[in-house]
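Report on one structure; see the data block that follows.
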Amino acid sequence: MIHESIKHIQVDGHIWSLAVDGANRHVFLDVRRDGNDSIQLIRLRMDDLKLEAKEVENPWWSKLIGVQDGKVQFVEYPDQNDPTRQKYFTLDWESLAKTYVEGVETGESLTHPFTYEHSSEYHQTVAEFLSLELPLSCEYLEWGDKIIISYYLRSGNGFDRYLLLLKDGAKQWKVTQDAGMKGFSPGAFFVFEDQLIFIKDRNEVCMYTD
């Protein structure tokens with residue numbers, strides 16, 4: 001169950017990566033579907049969650065990393081055994097024209113959480129604050145009068161990931177963000193201006209407005 005203050009929308013497939021076009025208040029999503037090699041590029045408007053999807057012929061081993069001046073930016077990994085080998089290309093959203101470039105500058109003005117490594121002093125402080133035994137690293141961000149914490153609890157043979165938001169020290173909501181994870185995965189959420197943005201269950205974009 002998602003708290004009523006959180007706007008959310010599901011997509012058909014798994015969200016591999018996302019990037020923010022801050023100038024136009026859009027979120028771009030790289031979406032893959034199980035059972036086929038199709039890749040969708042989705043443009044989602046932050047203000048009303050209206051989306052537009054386009055099929056793209058990107059290499060499977062590529063990743064969306066940014067948006068700049070109407071160009072959606074990707075990194076490509078031509079050698080799966082050597083991730084240090086990288087190529088960059090852009091797609092024009094309107095025409096889907098593809099251009100290989102030397103490099104990219106995303107220009108994103110996003111606020112990302114701190115990662116507190118397991119058993120570190122800060123990690124222990126968060127565990128004591130939550131009165132929980134935290135088996136994995138956690139992520140923490142102070143955002144105005146709010147605190148956002150991403151943490152994991154054991155569940156069966158894996159871990160469930162939770163996202164907690166407190167305001168003036170009081171709990172506002174808690175979301176089960178992912179279930180049955182194999183381990184810690186960084187990047188549970190980020191903040192852009194007045195929006196807290198996160199992905200739930202790999203297929204649902206969620207936004208909470210300050």
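Just remember, in the structure tokens the first chain shown is A, the second B, etc., residues are 1-based per chain, and ligands are 1-based in the order shown.
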Close residues, Cys206 of chain A itself excluded, 8 Å, only C-alpha atoms, min 3 positions apart in chain, as an NGL selection string: :A and (6-9 or 197-200)
Surrounding residues of Ser185 of chain A excluding itself and chain neighbours under 6 positions, 10 Å, only C-alpha atoms, as number ranges by chain: A: 136-139, 161
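Atom CA of Gln80 of chain A lies 26.9 Å from atom CA of Trp93 of chain A.
Distances from A:Thr106, A:Asn203, A:Ser38, A:Ser95 to Gln10 of chain A were compared using only C-alpha atoms, and the smallest one belongs to A:Asn203.
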Contacts of segment 150-159 of chain A within 7 Å, only C-alpha atoms, excl. fewer than 6 positions in-chain, as a PyMOL selection string: chain A and resi 134-136+138-140+179-183+188
Keeping only all heavy atoms, write the selected residues as a compact mmCIF listing (two decimals), in the first residue's frame.
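In the end it all went to selection.txt:
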# COMPACT_ATOMS: atom_id res chain seq x y z
N LEU A 134 20.00 -4.00 11.36
CA LEU A 134 20.09 -3.78 9.92
C LEU A 134 21.20 -4.65 9.34
O LEU A 134 22.38 -4.42 9.63
CB LEU A 134 20.35 -2.31 9.61
CG LEU A 134 19.32 -1.31 10.16
CD1 LEU A 134 19.66 0.10 9.73
CD2 LEU A 134 17.90 -1.68 9.72
N PRO A 135 20.87 -5.64 8.51
CA PRO A 135 21.86 -6.59 8.03
C PRO A 135 22.72 -6.08 6.88
O PRO A 135 23.73 -6.71 6.54
CB PRO A 135 21.01 -7.78 7.57
CG PRO A 135 19.72 -7.16 7.15
CD PRO A 135 19.50 -6.01 8.08
N LEU A 136 22.31 -4.97 6.24
CA LEU A 136 23.03 -4.44 5.10
C LEU A 136 23.25 -2.94 5.27
O LEU A 136 22.69 -2.32 6.18
CB LEU A 136 22.26 -4.69 3.80
CG LEU A 136 21.95 -6.14 3.42
CD1 LEU A 136 21.06 -6.17 2.18
CD2 LEU A 136 23.23 -6.92 3.19
N CYS A 138 22.85 1.06 4.56
CA CYS A 138 21.63 1.83 4.42
C CYS A 138 21.96 3.17 3.75
O CYS A 138 23.13 3.53 3.60
CB CYS A 138 20.95 2.06 5.77
SG CYS A 138 21.93 3.00 6.96
N GLU A 139 20.92 3.88 3.33
CA GLU A 139 21.09 5.20 2.71
C GLU A 139 20.29 6.22 3.49
O GLU A 139 19.18 5.93 3.96
CB GLU A 139 20.65 5.16 1.25
CG GLU A 139 21.55 4.27 0.40
CD GLU A 139 21.14 4.22 -1.06
OE1 GLU A 139 20.17 3.49 -1.37
OE2 GLU A 139 21.78 4.90 -1.89
N TYR A 140 20.85 7.44 3.61
CA TYR A 140 20.29 8.44 4.52
C TYR A 140 20.41 9.82 3.90
O TYR A 140 21.44 10.17 3.31
CB TYR A 140 21.07 8.37 5.83
CG TYR A 140 20.68 9.39 6.88
CD1 TYR A 140 19.78 9.06 7.89
CD2 TYR A 140 21.24 10.67 6.89
CE1 TYR A 140 19.43 9.98 8.88
CE2 TYR A 140 20.90 11.59 7.87
CZ TYR A 140 19.99 11.24 8.86
OH TYR A 140 19.65 12.15 9.83
N ALA A 179 11.13 -6.36 -2.71
CA ALA A 179 11.08 -7.59 -1.93
C ALA A 179 12.01 -8.64 -2.52
O ALA A 179 12.23 -8.67 -3.75
CB ALA A 179 9.66 -8.14 -1.87
N GLY A 180 12.58 -9.48 -1.66
CA GLY A 180 13.40 -10.59 -2.11
C GLY A 180 14.69 -10.20 -2.79
O GLY A 180 15.16 -10.92 -3.68
N MET A 181 15.30 -9.11 -2.38
CA MET A 181 16.56 -8.70 -2.98
C MET A 181 17.70 -9.59 -2.48
O MET A 181 17.64 -10.14 -1.38
CB MET A 181 16.85 -7.23 -2.67
CG MET A 181 15.82 -6.27 -3.23
SD MET A 181 16.23 -4.53 -2.94
CE MET A 181 17.66 -4.32 -4.03
N LYS A 182 18.75 -9.70 -3.30
CA LYS A 182 19.88 -10.56 -2.95
C LYS A 182 20.91 -9.84 -2.09
O LYS A 182 21.72 -10.50 -1.43
CB LYS A 182 20.54 -11.09 -4.22
CG LYS A 182 19.62 -11.93 -5.09
CD LYS A 182 19.04 -13.11 -4.33
CE LYS A 182 18.15 -13.98 -5.21
NZ LYS A 182 17.50 -15.07 -4.43
N GLY A 183 20.88 -8.53 -2.11
CA GLY A 183 21.85 -7.77 -1.34
C GLY A 183 21.63 -6.29 -1.51
O GLY A 183 20.64 -5.85 -2.11
N ALA A 188 18.67 4.07 -3.96
CA ALA A 188 17.27 3.76 -3.68
C ALA A 188 16.35 4.93 -4.01
O ALA A 188 15.18 4.73 -4.34
CB ALA A 188 17.09 3.38 -2.21
Coordinates-based distance that separates atom CA of Asp194 of chain A from atom CA of Asp92 of chain A (Å, one decimal):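 Between atom CA of Asp92 of chain A and atom CA of Asp194 of chain A the gap is 27.2 Å.
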Exercise: Lys171 of chain A partners within 10 Å, only C-alpha atoms, chain neighbours under 5 positions left out, as a ChimeraX atom specification: /A:146-147,164-166
Expected answer as a PyMOL selection string: alpha helix (DSSP H) residues in segment 69-171 of chain A: chain A and resi 121-130
Per-residue nearest contacts of segment 46-157 of chain A to segment 27-34 of chain A (10 Å; only C-alpha atoms) as a Markdown table:
| residue | atom | partner | partner_atom | distance |
| --- | --- | --- | --- | --- |
| A:Met46 | CA | A:Val27 | CA | 6.7 |
| A:Leu49 | CA | A:Val27 | CA | 9.4 |
| A:Leu51 | CA | A:Val27 | CA | 9.3 |
| A:Glu52 | CA | A:Phe28 | CA | 9.7 |
| A:Ala53 | CA | A:Leu29 | CA | 9.1 |
| A:Glu55 | CA | A:Val31 | CA | 9.6 |
| A:Val56 | CA | A:Asp30 | CA | 9.7 |
| A:Trp60 | CA | A:Arg32 | CA | 9.1 |
| A:Ser62 | CA | A:Asp30 | CA | 9.6 |
| A:Lys63 | CA | A:Asp30 | CA | 7.4 |
| A:Leu64 | CA | A:Asp30 | CA | 6.2 |
| A:Ile65 | CA | A:Asp30 | CA | 9.5 |
| A:Gly66 | CA | A:Phe28 | CA | 8.5 |
| A:Val67 | CA | A:Phe28 | CA | 8.1 |
| A:Val72 | CA | A:Phe28 | CA | 8.1 |
| A:Phe74 | CA | A:Asp30 | CA | 9.9 |
Atom pair atom CA of Phe89 of chain A / atom CA of Gly13 of chain A: separation (Å): 23.2 Å
Nearest candidate to Leu141 of chain A (options A:Ser120, A:Val191, A:Asp178, A:Arg43; using only C-alpha atoms):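 Under the stated criterion, the closest residue is A:Val191.
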Strand (DSSP E) call set, DSSP backbone run, segment 2-192 of chain A, as a VMD selection string: chain A and resid 6 to 10 14 to 21 26 to 32 39 to 45 51 to 56 62 to 68 71 to 76 87 to 92 98 to 101 114 to 116 138 to 143 146 to 155 158 to 167 170 to 181 189 to 192
Selection: 9 Å around Asp145 of chain A, only C-alpha atoms, excl. self and same-chain fewer than 2 positions, as a PyMOL selection string: chain A and resi 142-143+147+166-169
All residues 10 Å or closer to Asp47 of chain A, only C-alpha atoms, same chain fewer than 6 positions away omitted, as a ChimeraX atom specification: /A:7,25-26,195,207,209
Quick one: write out the picked residues with C-alpha atoms as a PDB file, in the first residue's frame?
ATOM      1  CA  LYS A   7       1.996   9.979  -6.746  1.00  0.00           C
ATOM      2  CA  ARG A  25      10.568  18.638 -15.511  1.00  0.00           C
ATOM      3  CA  HIS A  26      10.603  15.287 -17.277  1.00  0.00           C
ATOM      4  CA  GLN A 195      10.399  16.088  -5.558  1.00  0.00           C
ATOM      5  CA  MET A 207       7.090  10.850  -6.461  1.00  0.00           C
ATOM      6  CA  THR A 209       6.276  16.486  -3.353  1.00  0.00           C
TER       7      THR A 209
END
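Near Trp61 of chain A, within 9 Å and counting only C-alpha atoms, sit Val75, Glu76, Tyr77, Pro78, Asp79 and Gln80 of chain A; same-chain residues fewer than 4 positions away were not included.
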Just write the chosen residues, all heavy atoms, as a compact mmCIF listing (two decimals), in the first residue's frame.
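And here's result_35.txt as it stands now:
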# COMPACT_ATOMS: atom_id res chain seq x y z
N VAL A 75 25.31 5.40 -22.20
CA VAL A 75 26.62 4.77 -22.26
C VAL A 75 26.42 3.35 -22.77
O VAL A 75 25.45 2.67 -22.41
CB VAL A 75 27.33 4.77 -20.89
CG1 VAL A 75 26.52 4.03 -19.83
CG2 VAL A 75 28.73 4.18 -21.00
N GLU A 76 27.29 2.91 -23.65
CA GLU A 76 27.22 1.57 -24.24
C GLU A 76 28.45 0.77 -23.81
O GLU A 76 29.56 1.32 -23.73
CB GLU A 76 27.17 1.67 -25.76
CG GLU A 76 27.14 0.34 -26.49
CD GLU A 76 27.17 0.49 -27.99
OE1 GLU A 76 26.84 1.59 -28.50
OE2 GLU A 76 27.53 -0.48 -28.68
N TYR A 77 28.24 -0.52 -23.53
CA TYR A 77 29.34 -1.41 -23.13
C TYR A 77 29.53 -2.45 -24.23
O TYR A 77 28.88 -3.50 -24.23
CB TYR A 77 29.01 -2.09 -21.80
CG TYR A 77 28.77 -1.10 -20.68
CD1 TYR A 77 27.48 -0.69 -20.35
CD2 TYR A 77 29.84 -0.57 -19.96
CE1 TYR A 77 27.27 0.23 -19.33
CE2 TYR A 77 29.62 0.34 -18.93
CZ TYR A 77 28.34 0.74 -18.63
OH TYR A 77 28.12 1.65 -17.63
N PRO A 78 30.42 -2.19 -25.19
CA PRO A 78 30.59 -3.11 -26.33
C PRO A 78 31.20 -4.45 -25.96
O PRO A 78 31.04 -5.42 -26.69
CB PRO A 78 31.50 -2.32 -27.28
CG PRO A 78 32.19 -1.32 -26.43
CD PRO A 78 31.26 -0.99 -25.31
N ASP A 79 31.93 -4.52 -24.84
CA ASP A 79 32.55 -5.76 -24.39
C ASP A 79 31.99 -6.11 -23.01
O ASP A 79 32.34 -5.47 -22.02
CB ASP A 79 34.07 -5.61 -24.33
CG ASP A 79 34.79 -6.91 -24.00
OD1 ASP A 79 34.12 -7.88 -23.58
OD2 ASP A 79 36.03 -6.95 -24.15
N GLN A 80 31.13 -7.13 -22.95
CA GLN A 80 30.48 -7.48 -21.68
C GLN A 80 31.48 -7.95 -20.63
O GLN A 80 31.20 -7.92 -19.43
CB GLN A 80 29.43 -8.56 -21.92
CG GLN A 80 28.33 -8.14 -22.88
CD GLN A 80 27.45 -9.30 -23.27
OE1 GLN A 80 27.26 -10.24 -22.50
NE2 GLN A 80 26.92 -9.27 -24.49
